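Notes follow the structure.
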Amino acid sequence: MKALRTHAAGGPETLVMDDLPDPVPGRGEVVVRVHACSINFPDTLMIRDLYQFKPERPYAPGSELAGTIETLGEGVSGWSVGDRVIAMIGNGGLAEKVVAPVARLFPLPDDVDFATGASLLMTYGTTIHGLKDRGHIKAGETVLVLGAAGGVGLSAVELAKAFGARVVAAVSSEEKAAVAREAGADDVVIYGRSPFDKAQSKALAEQFKAACGPNGADIVYDIVGGDYSEPALRAIAWEGRFLVVGFPAGIAKLPLNLTLLKSCDVCGVFWGAWTAREPAAFKAEVEELFALLKAGKINPRVSQRFSLDEGREAIALLENRQAMGKVVVEMIG
């Protein structure tokens with residue numbers, strides 16, 4: 001089988017297409033024939049050794065995939081060869097076949113295609129955990145989403161709307177603004193490219209305040225970090241919740257006096273660690289996501305599709321922050 005793997009720290013251009021023996025499942029594992037694997041921003045960090053987890057090399061990036069079960073390992077029950085599944089694995093997805101523990105498998109409904117299935121759990125899973133468990137979202141609140149046109153950002157727009165909130169989407173271009181509006185955003189702020197000087201930072205804060213309204217944002221969903229975080233914090237409501245999700249623009253430095261003045265909370269959203277610590281709650285939220293998908297309240301936007309041979313280009317697209325919606329590598333259409 002083929003697998004696109006990292007052998008040394010570096011960018012997507014360093015990935016190597018390897019020919020490998022077919023994998024063999026161990027006890028409590030299955031082999032999944034991969035149909036689609038989505039690319040997420042952590043994949044770009046992991047291959048450069050910039051992420052919290054550093055798997056032993058060589059390995060294939062890609063943690064979120066959909067496919068069919070090909071082989072059952074010893075002791076596996078409740079699953080059959082041919083079952084359609086979503087698998088959440090730490091890495092290994094950019095391959096024609098992967099070994100997955102049954103504890104990280106979810107059934108993929110027959111009416112959900114593989115590309116959509118591979119695009120659901122990491123983005124929408126992160127966001128439903130962030131908004132509900134960390135942000136305690138309520139109907140009627142205002143949510144400011146930074147980086148609102150990417151996969152996680154669009155999931156935040158859709159889920160916040162599904163939970164009855166008003167959504168202000170912050171994006172970097174009019175093209176991305178159109179995508180956010182299509183996903184349901186009530187208002188849009190278009191920001192410039194950082195770094196910002198003091199005057200530019202203050203001007204962006206005023207843009208956020210004007211869009212969020214006189215009471216401010218009850219929840220700030222910060223996927224971006226860097227110079228964008230402080231202006232968003234300045235637009236937060238009294239007792240608002242500032243959710244720290246990611247840092248593609250760099251790790252932000254927040255003036256803590258603002259948290260006192262607004263009596264607000266700054267909350268980390270580390271979904272991957274939470275899923276391991278709270279598997280029952282994770283499973284319940286996955287079931288809720290499938291119910292929302294069936295009801296048409298969420299709909300992963302697969303914006304670009306690549307073959308396995310084009311996997312380097314797919315990762316480069318995420319690394320350059322050019323993606324709108326989800327980017328998927330398809331092994332089987």
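Residue names in the structure tokens use chain letters A, B, ... in the order shown, residue numbers from 1 in each chain, and ligand numbers from 1 in the order shown.
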TODO: Using DSSP on the backbone coordinates, identify all residues within region 113-309 of chain A classified as strand (DSSP E); present the result as a ChimeraX atom specification.
DONE: /A:142-146,166-171,187-190,217-222,236-244,265-268,302-307
Could you dump the residues just selected with N, CA, C and O atoms as a compact mmCIF listing (two decimals), in the first residue's frame?
```txt
# COMPACT_ATOMS: atom_id res chain seq x y z
N THR A 142 -24.16 36.70 21.87
CA THR A 142 -23.39 37.09 20.69
C THR A 142 -22.04 36.39 20.73
O THR A 142 -21.35 36.41 21.76
N VAL A 143 -21.67 35.75 19.60
CA VAL A 143 -20.41 35.03 19.50
C VAL A 143 -19.57 35.68 18.40
O VAL A 143 -20.02 35.81 17.26
N LEU A 144 -18.35 36.08 18.76
CA LEU A 144 -17.39 36.61 17.80
C LEU A 144 -16.42 35.50 17.43
O LEU A 144 -15.73 34.95 18.30
N VAL A 145 -16.38 35.14 16.14
CA VAL A 145 -15.53 34.04 15.67
C VAL A 145 -14.38 34.62 14.85
O VAL A 145 -14.61 35.24 13.80
N LEU A 146 -13.15 34.44 15.31
CA LEU A 146 -11.98 34.84 14.53
C LEU A 146 -11.60 33.71 13.58
O LEU A 146 -11.71 32.53 13.92
N ARG A 166 -26.30 34.91 18.10
CA ARG A 166 -25.99 35.84 17.02
C ARG A 166 -24.49 35.74 16.76
O ARG A 166 -23.70 35.72 17.70
N VAL A 167 -24.08 35.66 15.49
CA VAL A 167 -22.68 35.39 15.15
C VAL A 167 -22.08 36.55 14.37
O VAL A 167 -22.64 37.00 13.36
N VAL A 168 -20.93 37.03 14.86
CA VAL A 168 -20.11 37.99 14.13
C VAL A 168 -18.87 37.23 13.65
O VAL A 168 -18.12 36.69 14.45
N ALA A 169 -18.69 37.16 12.34
CA ALA A 169 -17.57 36.42 11.74
C ALA A 169 -16.46 37.39 11.38
O ALA A 169 -16.70 38.39 10.69
N ALA A 170 -15.25 37.11 11.83
CA ALA A 170 -14.08 37.94 11.50
C ALA A 170 -13.20 37.16 10.53
O ALA A 170 -12.80 36.03 10.82
N VAL A 171 -12.90 37.78 9.38
CA VAL A 171 -12.16 37.11 8.30
C VAL A 171 -11.21 38.11 7.66
O VAL A 171 -11.23 39.30 7.95
N ASP A 187 -23.20 39.10 10.94
CA ASP A 187 -22.40 40.27 10.60
C ASP A 187 -20.97 39.80 10.36
O ASP A 187 -20.57 38.71 10.81
N VAL A 188 -20.19 40.62 9.66
CA VAL A 188 -18.83 40.24 9.29
C VAL A 188 -17.90 41.43 9.52
O VAL A 188 -18.25 42.57 9.22
N VAL A 189 -16.72 41.13 10.06
CA VAL A 189 -15.63 42.10 10.16
C VAL A 189 -14.48 41.60 9.30
O VAL A 189 -14.07 40.43 9.44
N ILE A 190 -13.98 42.43 8.41
CA ILE A 190 -12.82 42.07 7.60
C ILE A 190 -11.60 42.78 8.18
O ILE A 190 -11.58 44.00 8.28
N ALA A 217 -19.22 40.95 22.95
CA ALA A 217 -19.34 39.52 22.60
C ALA A 217 -19.38 38.67 23.87
O ALA A 217 -18.47 38.73 24.69
N ASP A 218 -20.44 37.90 24.02
CA ASP A 218 -20.53 37.00 25.17
C ASP A 218 -19.48 35.90 25.09
O ASP A 218 -18.95 35.45 26.11
N ILE A 219 -19.18 35.46 23.86
CA ILE A 219 -18.13 34.47 23.63
C ILE A 219 -17.24 34.95 22.50
O ILE A 219 -17.73 35.37 21.45
N VAL A 220 -15.93 34.92 22.71
CA VAL A 220 -14.95 35.10 21.63
C VAL A 220 -14.36 33.74 21.35
O VAL A 220 -13.81 33.09 22.25
N TYR A 221 -14.48 33.29 20.10
CA TYR A 221 -13.95 31.99 19.69
C TYR A 221 -12.70 32.27 18.87
O TYR A 221 -12.77 32.60 17.68
N ASP A 222 -11.53 32.15 19.52
CA ASP A 222 -10.28 32.60 18.91
C ASP A 222 -9.49 31.42 18.36
O ASP A 222 -8.82 30.70 19.09
N ILE A 236 -15.07 42.12 24.38
CA ILE A 236 -15.82 41.09 25.07
C ILE A 236 -16.83 41.71 26.03
O ILE A 236 -16.66 42.84 26.51
N ALA A 237 -17.90 40.98 26.30
CA ALA A 237 -18.95 41.45 27.21
C ALA A 237 -18.54 41.25 28.66
O ALA A 237 -17.60 40.52 28.98
N TRP A 238 -19.27 41.91 29.56
CA TRP A 238 -19.13 41.67 30.99
C TRP A 238 -19.42 40.20 31.27
O TRP A 238 -20.39 39.64 30.79
N GLU A 239 -18.48 39.54 31.97
CA GLU A 239 -18.55 38.10 32.27
C GLU A 239 -18.59 37.25 31.00
O GLU A 239 -19.17 36.17 30.96
N GLY A 240 -17.94 37.77 29.94
CA GLY A 240 -17.82 36.99 28.72
C GLY A 240 -16.80 35.86 28.86
O GLY A 240 -16.08 35.76 29.85
N ARG A 241 -16.77 34.99 27.84
CA ARG A 241 -15.84 33.85 27.84
C ARG A 241 -14.98 33.92 26.58
O ARG A 241 -15.51 33.91 25.47
N PHE A 242 -13.68 34.01 26.79
CA PHE A 242 -12.71 34.09 25.69
C PHE A 242 -12.12 32.69 25.52
O PHE A 242 -11.40 32.20 26.38
N LEU A 243 -12.44 32.03 24.40
CA LEU A 243 -12.04 30.63 24.17
C LEU A 243 -10.79 30.59 23.32
O LEU A 243 -10.78 31.06 22.19
N VAL A 244 -9.73 30.02 23.87
CA VAL A 244 -8.44 29.91 23.18
C VAL A 244 -8.40 28.57 22.46
O VAL A 244 -8.37 27.51 23.09
N ASP A 265 -13.71 35.42 31.57
CA ASP A 265 -12.92 34.19 31.68
C ASP A 265 -12.12 33.98 30.41
O ASP A 265 -12.63 34.21 29.30
N VAL A 266 -10.89 33.50 30.55
CA VAL A 266 -10.08 33.04 29.42
C VAL A 266 -9.96 31.53 29.56
O VAL A 266 -9.41 31.04 30.56
N CYS A 267 -10.48 30.78 28.60
CA CYS A 267 -10.60 29.33 28.71
C CYS A 267 -9.86 28.63 27.57
O CYS A 267 -10.08 28.97 26.40
N GLY A 268 -9.03 27.66 27.88
CA GLY A 268 -8.40 26.84 26.86
C GLY A 268 -9.36 25.78 26.35
O GLY A 268 -10.19 25.25 27.10
N VAL A 302 -16.73 21.03 2.18
CA VAL A 302 -15.50 20.49 1.59
C VAL A 302 -15.16 21.37 0.40
O VAL A 302 -15.79 21.30 -0.66
N SER A 303 -14.16 22.24 0.58
CA SER A 303 -13.88 23.23 -0.45
C SER A 303 -12.93 22.73 -1.52
O SER A 303 -13.03 23.13 -2.68
N GLN A 304 -11.99 21.85 -1.14
CA GLN A 304 -11.04 21.34 -2.12
C GLN A 304 -10.71 19.88 -1.83
O GLN A 304 -10.61 19.47 -0.67
N ARG A 305 -10.54 19.13 -2.91
CA ARG A 305 -10.26 17.70 -2.82
C ARG A 305 -8.96 17.41 -3.57
O ARG A 305 -8.73 17.95 -4.65
N PHE A 306 -8.14 16.54 -3.00
CA PHE A 306 -6.86 16.18 -3.58
C PHE A 306 -6.73 14.65 -3.58
O PHE A 306 -7.36 13.97 -2.77
N SER A 307 -5.90 14.14 -4.48
CA SER A 307 -5.54 12.73 -4.45
C SER A 307 -4.40 12.53 -3.45
O SER A 307 -3.79 13.50 -2.99
```
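Residues in contact with Tyr228 (chain A) at 10 Å, where only C-alpha atoms are counted and same-chain residues fewer than 3 positions away are skipped, are listed as Leu146, Gly147, Ala170, Tyr191, Gly192, Arg193, Ser194, Pro195, Phe196, Ser201, Leu204, Ala205, Asp222, Ile223, Val224, Gly225, Pro231, Ala232, Leu233, Ala249, Gly250 and Ala252 of chain A.
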Task: Sel. of alpha helix (DSSP H) residues, region 102-238 of chain A, as a ChimeraX atom specification - done: /A:114-117,121-128,151-162,174-182,198-212,229-234
- [ ] Find the residues near region 316-331 of chain A: any atom within 8 Å, counting only C-alpha atoms, skip ones fewer than 5 places away on the same chain, and give them as a PyMOL selection string.
- [x] chain A and resi 11-12+34-41+44+94-96+115+118-119+149-152+154+176+179+300-308+310-311
Keeping N, CA, C and O atoms for every residue in the selection just given, could you write it to a file as a short mmCIF file (atom, residue, chain, number, x, y, z; two decimals), in the first residue's frame?
```cif
data_model
loop_
_atom_site.label_atom_id
_atom_site.label_comp_id
_atom_site.auth_asym_id
_atom_site.auth_seq_id
_atom_site.Cartn_x
_atom_site.Cartn_y
_atom_site.Cartn_z
N GLY A 11 8.64 20.96 6.18
CA GLY A 11 7.37 21.32 5.57
C GLY A 11 6.80 20.21 4.72
O GLY A 11 7.36 19.11 4.62
N PRO A 12 5.66 20.48 4.07
CA PRO A 12 5.00 19.45 3.26
C PRO A 12 5.86 18.92 2.13
O PRO A 12 5.70 17.77 1.70
N VAL A 34 -8.94 3.35 3.67
CA VAL A 34 -9.25 4.78 3.73
C VAL A 34 -9.88 5.25 2.41
O VAL A 34 -9.32 5.01 1.34
N HIS A 35 -11.01 5.90 2.51
CA HIS A 35 -11.63 6.54 1.35
C HIS A 35 -11.29 8.03 1.32
O HIS A 35 -11.08 8.58 0.24
N ALA A 36 -11.29 8.67 2.48
CA ALA A 36 -11.03 10.11 2.55
C ALA A 36 -10.38 10.45 3.88
O ALA A 36 -10.71 9.88 4.92
N CYS A 37 -9.44 11.39 3.83
CA CYS A 37 -8.75 11.88 5.03
C CYS A 37 -8.73 13.40 4.96
O CYS A 37 -8.26 13.97 3.97
N SER A 38 -9.24 14.06 5.98
CA SER A 38 -9.22 15.52 5.97
C SER A 38 -7.89 16.02 6.52
O SER A 38 -7.23 15.35 7.31
N ILE A 39 -7.51 17.21 6.09
CA ILE A 39 -6.29 17.86 6.57
C ILE A 39 -6.69 18.95 7.55
O ILE A 39 -7.59 19.75 7.26
N ASN A 40 -6.03 18.98 8.69
CA ASN A 40 -6.30 19.99 9.71
C ASN A 40 -5.01 20.71 10.06
O ASN A 40 -3.91 20.20 9.84
N PHE A 41 -5.16 21.93 10.61
CA PHE A 41 -3.97 22.74 10.88
C PHE A 41 -2.93 22.02 11.75
O PHE A 41 -1.72 22.17 11.50
N THR A 44 -0.09 20.37 9.87
CA THR A 44 1.01 21.20 9.37
C THR A 44 2.05 21.44 10.46
O THR A 44 3.24 21.59 10.17
N LEU A 94 -2.96 9.65 5.95
CA LEU A 94 -2.60 9.80 4.53
C LEU A 94 -1.96 8.50 4.04
O LEU A 94 -0.78 8.43 3.70
N ALA A 95 -2.78 7.47 4.01
CA ALA A 95 -2.36 6.14 3.59
C ALA A 95 -3.57 5.41 3.03
O ALA A 95 -4.72 5.78 3.31
N GLU A 96 -3.32 4.40 2.23
CA GLU A 96 -4.44 3.66 1.64
C GLU A 96 -5.15 2.79 2.68
O GLU A 96 -6.35 2.51 2.54
N ALA A 115 -16.22 11.93 2.26
CA ALA A 115 -15.54 13.21 2.42
C ALA A 115 -16.17 14.03 3.55
O ALA A 115 -15.47 14.66 4.36
N ALA A 118 -15.22 12.44 6.90
CA ALA A 118 -13.85 12.74 7.29
C ALA A 118 -13.67 14.19 7.71
O ALA A 118 -12.60 14.57 8.19
N SER A 119 -14.69 15.01 7.54
CA SER A 119 -14.60 16.45 7.81
C SER A 119 -15.39 16.87 9.04
O SER A 119 -15.49 18.06 9.32
N ALA A 149 -13.67 31.62 8.30
CA ALA A 149 -13.89 30.97 7.01
C ALA A 149 -13.14 29.65 6.86
O ALA A 149 -13.31 28.96 5.85
N GLY A 150 -12.33 29.28 7.84
CA GLY A 150 -11.66 27.98 7.80
C GLY A 150 -12.59 26.88 8.28
O GLY A 150 -13.76 27.12 8.62
N GLY A 151 -12.08 25.66 8.34
CA GLY A 151 -12.91 24.53 8.74
C GLY A 151 -13.46 24.68 10.15
O GLY A 151 -14.67 24.52 10.38
N VAL A 152 -12.60 25.01 11.11
CA VAL A 152 -13.06 25.19 12.49
C VAL A 152 -13.93 26.43 12.59
O VAL A 152 -14.96 26.44 13.28
N LEU A 154 -15.89 27.91 10.33
CA LEU A 154 -17.22 27.69 9.80
C LEU A 154 -18.04 26.79 10.71
O LEU A 154 -19.26 26.98 10.86
N LYS A 176 -13.74 35.50 1.77
CA LYS A 176 -14.01 34.70 2.97
C LYS A 176 -15.26 35.21 3.69
O LYS A 176 -15.99 34.42 4.30
N VAL A 179 -18.24 33.52 2.26
CA VAL A 179 -18.37 32.14 2.75
C VAL A 179 -18.97 32.13 4.14
O VAL A 179 -19.85 31.30 4.46
N PRO A 300 -20.64 20.27 6.81
CA PRO A 300 -19.22 20.53 6.52
C PRO A 300 -19.02 20.94 5.06
O PRO A 300 -19.49 20.27 4.14
N ARG A 301 -18.29 22.04 4.88
CA ARG A 301 -18.04 22.57 3.53
C ARG A 301 -16.69 22.04 3.05
O ARG A 301 -15.64 22.52 3.46
N VAL A 302 -16.73 21.03 2.18
CA VAL A 302 -15.50 20.49 1.59
C VAL A 302 -15.16 21.37 0.40
O VAL A 302 -15.79 21.30 -0.66
N SER A 303 -14.16 22.24 0.58
CA SER A 303 -13.88 23.23 -0.45
C SER A 303 -12.93 22.73 -1.52
O SER A 303 -13.03 23.13 -2.68
N GLN A 304 -11.99 21.85 -1.14
CA GLN A 304 -11.04 21.34 -2.12
C GLN A 304 -10.71 19.88 -1.83
O GLN A 304 -10.61 19.47 -0.67
N ARG A 305 -10.54 19.13 -2.91
CA ARG A 305 -10.26 17.70 -2.82
C ARG A 305 -8.96 17.41 -3.57
O ARG A 305 -8.73 17.95 -4.65
N PHE A 306 -8.14 16.54 -3.00
CA PHE A 306 -6.86 16.18 -3.58
C PHE A 306 -6.73 14.65 -3.58
O PHE A 306 -7.36 13.97 -2.77
N SER A 307 -5.90 14.14 -4.48
CA SER A 307 -5.54 12.73 -4.45
C SER A 307 -4.40 12.53 -3.45
O SER A 307 -3.79 13.50 -2.99
N LEU A 308 -4.09 11.28 -3.12
CA LEU A 308 -2.98 11.01 -2.21
C LEU A 308 -1.67 11.53 -2.79
O LEU A 308 -0.82 12.07 -2.06
N GLU A 310 -1.31 14.13 -4.36
CA GLU A 310 -1.32 15.58 -4.19
C GLU A 310 -1.38 16.00 -2.72
O GLU A 310 -1.65 17.15 -2.39
N GLY A 311 -1.09 15.05 -1.83
CA GLY A 311 -1.21 15.32 -0.40
C GLY A 311 -0.33 16.45 0.09
O GLY A 311 -0.71 17.20 0.99
#
```
Task: Atom-to-atom span, CA of Gly82 (chain A) and CA of Gly67 (chain A), Å - done: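 CA of Gly67 (chain A) lies at a distance of 9.0 Å from CA of Gly82 (chain A).
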Open item on the list: Using only C-alpha atoms, can you tell me which of A:Val112, A:Val269, A:Ala211, A:Ile137 comes closest to Lys294 (chain A)?
Closed with: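 For Lys294 (chain A), the nearest of the candidates is A:Val112.
If only C-alpha atoms are the atoms counted, then among A:Gly90, A:Gly26, A:Gly10, A:Gly62 the closest residue to Ala276 (chain A) is A:Gly90.
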TODO: Compile the contact shell of region 74-80 of chain A as a list in words: residues with an atom at most 7 Å away, counting only C-alpha atoms, same-chain residues fewer than 6 positions apart removed.
DONE: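 In the requested format, the answer is Gly26, Arg27, Gly28 and Glu29 of chain A.
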Any chance you could export the current selection's C-alpha atoms as an mmCIF file, in the first residue's frame?
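Dumped everything to out23.cif:
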```
data_model
loop_
_atom_site.group_PDB
_atom_site.id
_atom_site.type_symbol
_atom_site.label_atom_id
_atom_site.label_comp_id
_atom_site.auth_asym_id
_atom_site.auth_seq_id
_atom_site.Cartn_x
_atom_site.Cartn_y
_atom_site.Cartn_z
ATOM 1 C CA GLY A 26 -3.739 -6.133 16.859
ATOM 2 C CA ARG A 27 -6.156 -7.040 19.606
ATOM 3 C CA GLY A 28 -9.034 -4.549 19.767
ATOM 4 C CA GLU A 29 -8.085 -3.013 16.428
#
```
Task: Selected residue of minimal separation from Gly184 (chain A) among A:Ile69, A:Ala273, A:Ala156, A:Ala203, counting only C-alpha atoms - done: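 Distance minimum relative to Gly184 (chain A) lands on A:Ala156.
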- [ ] For each of A:Ala3, A:Ile128, A:Leu105, A:Ala87, take the minimum atom-to-atom distance to Pro58 (chain A), counting only C-alpha atoms, then give the residue where this is smallest.
- [x]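 With only C-alpha atoms as the atom set, the closest residue is A:Ala3.
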- [ ] Please measure the separation of CA of Thr71 (chain A) and CA of Val24 (chain A), giving the value in Å to one decimal.
- [x]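 Computing the Euclidean distance for CA of Thr71 (chain A) and CA of Val24 (chain A) yields 8.0 Å.
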Task: Which residue of A:Gly117, A:Ala280, A:Gly213, A:Glu206 approaches Glu141 (chain A) most closely, using only C-alpha atoms - done: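 The closest residue to Glu141 (chain A) is A:Gly213.
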- [ ] Would you mind telling me which residue in A:Asp309, A:Phe114, A:Ala178, A:Phe53 lies nearest to Met17 (chain A) when using only C-alpha atoms?
- [x]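 Nearest to Met17 (chain A): A:Asp309.
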Open item on the list: Need the shell around Phe270 (chain A): protein/DNA/RNA residues with any atom at most 9 Å away, counting only C-alpha atoms. Skip same-chain ones fewer than 6 positions apart. Format as a list in words?
Closed with: Thr126, Gly130, Val244 and Val245 of chain A
